[in-house]
Amino acid sequence: MPHLGSTVHLRALAAAALRPEPVPPTARAERVAIVSASIGAGHDGAAAELDRRLTDRGLTVDRLDLLDLLPARIGRLVRDGYHSMLVQAPWAYQRIYRSTERAGGGGPLARALLRTAEQRMLDALHPGTGAVVSTYPGASRVLGGLRLGGRLSVPVLTYLTDFSVHPLWVADGVDVHLAAHAVPAAQARAAGARDVRVCGPVVDPRFRPGTDDERAAARARFGLPANAPLALLVAGSWGVGPVRQVALELRDCGAAVPVVVCGRNTALAERLRADGIEHAFGWVDDMPALLHAADVLVQNAGGLSSLEAFAAGLPVASYRCIPGHGLTNAAALEEAGAAVWIREPDQLKAVLWDLIDGPLGRRGRAAGRGLFAAEPDGGPAAEIARVHATGLPQPLPLPPLPLRAAVRRRRPRARRLVATTAAASAVWACAVGTGIATAYDGPDMLHAIGHGLDLEDPDPGQTPDTDDPAQGRTPVPGQTAGTGASAPGGTAGAGAPTPDGTAGTGAPAPGRTTGAEDSTLGQAVGAGQTAGAESPALSRTVGAGQTATPESPALSQAAGAEGRRS
């Protein structure tokens, strides 16, 4: 037996002194972090409701915004630049969405930008955090990278807010993916997610079927007709898409009185009222009451508003969907039997009648309410609490970096910041510039750029439609009218019907190579990449005149971090 003061004792004492103090189990069992992104309202809305439910279970919840974790206010630059691109050239979003979908994720610029948030993410997490939940694809990429690198030891879960799952949603390193239905669960598994659990959607409990008295009170409160059938038209918090066209079609078909919610797009609400759409609202705080007043919901993006309508027992129709996730969500909702996708205008009247007072509506109401059968013990918050309490095995660490790569990672912080800012600015400029350059020529391009950078104060002499940028603009010679008109000599872009009524493939003009990196983090045209043809769903929809901008432009859906490993 070694005597006191021997080298054995000294080595033992040194090892004990250097060993870090373990985090007390009680601290781990009390705190969860939720990471979202303030682009649109859907991702933040899901995060807010998860926050409320987890708090009710006795957990302390920390809320983080991915955009705030990007350095040098790049998050705001990304959001504003992305919004400008969506308003000026919505078809470009479809090209980027499809190309990243085929590629299985974003490109190197998006990965570089997201890596700048990794250390800030670690610094923002409370030491007692026992699990981290993402409601945004970009956040999942950051958290997954930290898990793979062994820098984050607690479980990471992704709550899939959409019914369709773009590959950017599935990040290596994320432990659990939570899906609202078997359809998105299957898509997540096909994209490479290993542990996918179906636990239903998450919406505010105020969204529930209303009584006859609540219906009458809501109609009186909002000044709506007491007895006429009402079609509630929503277009997300930004009020984007061909909202004006759909509102007029709803009015003219005679199936229901249109009630339009324009979100924060007050100019759109004013224009609709000038068009004779009497019931046009901006931002509505009491959406549960407005859903109680309506007979059917018409939507174009398949986001949080659809889930809220399902919870309120309202049938849902997808019509003139926005590019990208709007089209894929419409297809997934239809596959799940939860919503009807109206692809042609001549179907609008008959389908609305059937949804309001027919077997189609009864089936839709039952399917929508059936999504919430797992609550309260099997909902997303309950699953998060279970994972948080039990923990998960820590993933194997990545192999050590080669010496050269390790040296590159030791660049000074100032140099990284400068490089990241320059990359983000260049990416944003390329993403917006490429989209506009494909649609405009000469002086029109200068006007488009100026208009896109001053969305709040348009030229008084111009009256472009706020919900359809193509309207109010005279096509350049050689272009096909529509939001996706191509440069002379090019074919019609996404969302631009050709004269025979069919959608163009989105091919660029000869000699122009159009790349596709991640749009939400401002990814731009990549050297040597070509944008592929639009999805068949887009061709069908645009062929019916459906062109719009995305409602919830997510960093996530157009900007991913590292692509999925094979």
# chains A, B, ... in the order shown; residues from 1 in each chain; ligands from 1
$ residues_around --residues "region 312-322 of chain A" --least-positions-apart "4" --cutoff "8 Å" --atoms "only C-alpha atoms" --output "count of residues only"
48
$ select_by_dssp --residues "region 127-182 of chain A" --states "strand (DSSP E or B)" --output "PyMOL selection string"
chain A and resi 131-134+156-159+176-179
$ select_by_dssp --residues "region 270-411 of chain A" --states "helix (DSSP H, G or I)" --output "ChimeraX atom specification"
/A:270-274,287-293,304-311,325-335,345-357,359-370,380-390,403-408
$ residues_around --residues "Arg189 (chain A)" --least-positions-apart "2" --cutoff "12 Å" --atoms "only C-alpha atoms" --output "PDB file with N, CA, C and O atoms, in the first residue's frame"
ATOM      1  N   SER A 164     -44.676  19.075 -45.154  1.00  0.00           N
ATOM      2  CA  SER A 164     -43.679  18.540 -46.068  1.00  0.00           C
ATOM      3  C   SER A 164     -42.303  18.811 -45.475  1.00  0.00           C
ATOM      4  O   SER A 164     -42.096  19.835 -44.815  1.00  0.00           O
ATOM      5  N   VAL A 165     -41.374  17.909 -45.709  1.00  0.00           N
ATOM      6  CA  VAL A 165     -40.060  17.986 -45.060  1.00  0.00           C
ATOM      7  C   VAL A 165     -38.990  18.156 -46.131  1.00  0.00           C
ATOM      8  O   VAL A 165     -38.640  17.204 -46.838  1.00  0.00           O
ATOM      9  N   HIS A 166     -38.487  19.368 -46.253  1.00  0.00           N
ATOM     10  CA  HIS A 166     -37.345  19.632 -47.116  1.00  0.00           C
ATOM     11  C   HIS A 166     -36.107  19.007 -46.479  1.00  0.00           C
ATOM     12  O   HIS A 166     -36.002  18.945 -45.251  1.00  0.00           O
ATOM     13  N   PRO A 167     -35.143  18.519 -47.276  1.00  0.00           N
ATOM     14  CA  PRO A 167     -33.940  17.913 -46.689  1.00  0.00           C
ATOM     15  C   PRO A 167     -33.201  18.809 -45.705  1.00  0.00           C
ATOM     16  O   PRO A 167     -32.507  18.309 -44.814  1.00  0.00           O
ATOM     17  N   TRP A 169     -34.402  20.308 -43.303  1.00  0.00           N
ATOM     18  CA  TRP A 169     -34.939  20.042 -41.970  1.00  0.00           C
ATOM     19  C   TRP A 169     -34.182  18.928 -41.249  1.00  0.00           C
ATOM     20  O   TRP A 169     -34.180  18.863 -40.026  1.00  0.00           O
ATOM     21  N   VAL A 170     -33.585  18.016 -41.999  1.00  0.00           N
ATOM     22  CA  VAL A 170     -32.958  16.829 -41.408  1.00  0.00           C
ATOM     23  C   VAL A 170     -31.455  17.064 -41.333  1.00  0.00           C
ATOM     24  O   VAL A 170     -30.755  17.000 -42.346  1.00  0.00           O
ATOM     25  N   ALA A 171     -30.981  17.327 -40.128  1.00  0.00           N
ATOM     26  CA  ALA A 171     -29.562  17.631 -39.926  1.00  0.00           C
ATOM     27  C   ALA A 171     -28.888  16.490 -39.180  1.00  0.00           C
ATOM     28  O   ALA A 171     -29.435  15.968 -38.195  1.00  0.00           O
ATOM     29  N   VAL A 176     -33.639  13.508 -32.277  1.00  0.00           N
ATOM     30  CA  VAL A 176     -35.035  13.121 -32.472  1.00  0.00           C
ATOM     31  C   VAL A 176     -35.724  14.159 -33.349  1.00  0.00           C
ATOM     32  O   VAL A 176     -35.528  15.370 -33.167  1.00  0.00           O
ATOM     33  N   HIS A 177     -36.528  13.691 -34.311  1.00  0.00           N
ATOM     34  CA  HIS A 177     -37.388  14.560 -35.104  1.00  0.00           C
ATOM     35  C   HIS A 177     -38.842  14.270 -34.726  1.00  0.00           C
ATOM     36  O   HIS A 177     -39.257  13.108 -34.719  1.00  0.00           O
ATOM     37  N   LEU A 178     -39.595  15.317 -34.437  1.00  0.00           N
ATOM     38  CA  LEU A 178     -40.996  15.189 -34.050  1.00  0.00           C
ATOM     39  C   LEU A 178     -41.871  15.646 -35.204  1.00  0.00           C
ATOM     40  O   LEU A 178     -41.712  16.769 -35.702  1.00  0.00           O
ATOM     41  N   ALA A 179     -42.800  14.795 -35.640  1.00  0.00           N
ATOM     42  CA  ALA A 179     -43.653  15.079 -36.794  1.00  0.00           C
ATOM     43  C   ALA A 179     -45.109  15.117 -36.372  1.00  0.00           C
ATOM     44  O   ALA A 179     -45.525  14.438 -35.429  1.00  0.00           O
ATOM     45  N   ALA A 182     -47.993  10.989 -40.035  1.00  0.00           N
ATOM     46  CA  ALA A 182     -47.169   9.948 -40.636  1.00  0.00           C
ATOM     47  C   ALA A 182     -46.571  10.386 -41.970  1.00  0.00           C
ATOM     48  O   ALA A 182     -45.498   9.897 -42.357  1.00  0.00           O
ATOM     49  N   VAL A 183     -47.234  11.289 -42.698  1.00  0.00           N
ATOM     50  CA  VAL A 183     -46.698  11.735 -43.993  1.00  0.00           C
ATOM     51  C   VAL A 183     -45.393  12.499 -43.821  1.00  0.00           C
ATOM     52  O   VAL A 183     -44.378  12.141 -44.433  1.00  0.00           O
ATOM     53  N   PRO A 184     -45.338  13.557 -43.004  1.00  0.00           N
ATOM     54  CA  PRO A 184     -44.031  14.201 -42.798  1.00  0.00           C
ATOM     55  C   PRO A 184     -43.021  13.292 -42.116  1.00  0.00           C
ATOM     56  O   PRO A 184     -41.813  13.416 -42.354  1.00  0.00           O
ATOM     57  N   ALA A 185     -43.481  12.377 -41.284  1.00  0.00           N
ATOM     58  CA  ALA A 185     -42.551  11.442 -40.644  1.00  0.00           C
ATOM     59  C   ALA A 185     -41.858  10.576 -41.699  1.00  0.00           C
ATOM     60  O   ALA A 185     -40.640  10.357 -41.638  1.00  0.00           O
ATOM     61  N   ALA A 186     -42.616  10.089 -42.675  1.00  0.00           N
ATOM     62  CA  ALA A 186     -42.027   9.268 -43.733  1.00  0.00           C
ATOM     63  C   ALA A 186     -41.052  10.084 -44.579  1.00  0.00           C
ATOM     64  O   ALA A 186     -39.990   9.577 -44.981  1.00  0.00           O
ATOM     65  N   GLN A 187     -41.378  11.337 -44.847  1.00  0.00           N
ATOM     66  CA  GLN A 187     -40.474  12.181 -45.623  1.00  0.00           C
ATOM     67  C   GLN A 187     -39.178  12.452 -44.855  1.00  0.00           C
ATOM     68  O   GLN A 187     -38.097  12.497 -45.442  1.00  0.00           O
ATOM     69  N   ALA A 191     -35.328  11.365 -45.880  1.00  0.00           N
ATOM     70  CA  ALA A 191     -34.241  12.339 -45.963  1.00  0.00           C
ATOM     71  C   ALA A 191     -33.066  11.979 -45.066  1.00  0.00           C
ATOM     72  O   ALA A 191     -32.062  12.685 -45.064  1.00  0.00           O
ATOM     73  N   GLY A 192     -33.196  10.892 -44.293  1.00  0.00           N
ATOM     74  CA  GLY A 192     -32.069  10.426 -43.494  1.00  0.00           C
ATOM     75  C   GLY A 192     -32.241  10.515 -41.995  1.00  0.00           C
ATOM     76  O   GLY A 192     -31.328  10.131 -41.254  1.00  0.00           O
ATOM     77  N   ALA A 193     -33.398  11.000 -41.514  1.00  0.00           N
ATOM     78  CA  ALA A 193     -33.608  11.062 -40.063  1.00  0.00           C
ATOM     79  C   ALA A 193     -33.772   9.655 -39.505  1.00  0.00           C
ATOM     80  O   ALA A 193     -34.498   8.829 -40.070  1.00  0.00           O
ATOM     81  N   ARG A 194     -33.128   9.374 -38.393  1.00  0.00           N
ATOM     82  CA  ARG A 194     -33.165   8.020 -37.829  1.00  0.00           C
ATOM     83  C   ARG A 194     -34.283   7.841 -36.815  1.00  0.00           C
ATOM     84  O   ARG A 194     -35.038   6.882 -36.879  1.00  0.00           O
ATOM     85  N   ASP A 195     -34.390   8.741 -35.850  1.00  0.00           N
ATOM     86  CA  ASP A 195     -35.408   8.628 -34.805  1.00  0.00           C
ATOM     87  C   ASP A 195     -36.490   9.668 -35.060  1.00  0.00           C
ATOM     88  O   ASP A 195     -36.332  10.844 -34.744  1.00  0.00           O
ATOM     89  N   VAL A 196     -37.591   9.240 -35.681  1.00  0.00           N
ATOM     90  CA  VAL A 196     -38.705  10.132 -36.005  1.00  0.00           C
ATOM     91  C   VAL A 196     -39.933   9.659 -35.238  1.00  0.00           C
ATOM     92  O   VAL A 196     -40.299   8.480 -35.318  1.00  0.00           O
ATOM     93  N   ARG A 197     -40.562  10.565 -34.533  1.00  0.00           N
ATOM     94  CA  ARG A 197     -41.709  10.205 -33.699  1.00  0.00           C
ATOM     95  C   ARG A 197     -42.916  11.058 -34.093  1.00  0.00           C
ATOM     96  O   ARG A 197     -42.827  12.276 -34.155  1.00  0.00           O
ATOM     97  N   VAL A 198     -44.035  10.396 -34.341  1.00  0.00           N
ATOM     98  CA  VAL A 198     -45.273  11.090 -34.697  1.00  0.00           C
ATOM     99  C   VAL A 198     -46.012  11.429 -33.409  1.00  0.00           C
ATOM    100  O   VAL A 198     -46.403  10.540 -32.648  1.00  0.00           O
TER     101      VAL A 198
END
$ closest_residue --among "A:His181, A:Asp204, A:Leu304, A:Ala309" --to "Leu232 (chain A)" --atoms "only C-alpha atoms"
A:Ala309
$ atom_distance --atom1 "CA of Leu66 (chain A)" --atom2 "CA of Ala37 (chain A)"
5.2 Å
$ atom_distance --atom1 "CA of Arg63 (chain A)" --atom2 "CA of Val133 (chain A)"
9.7 Å
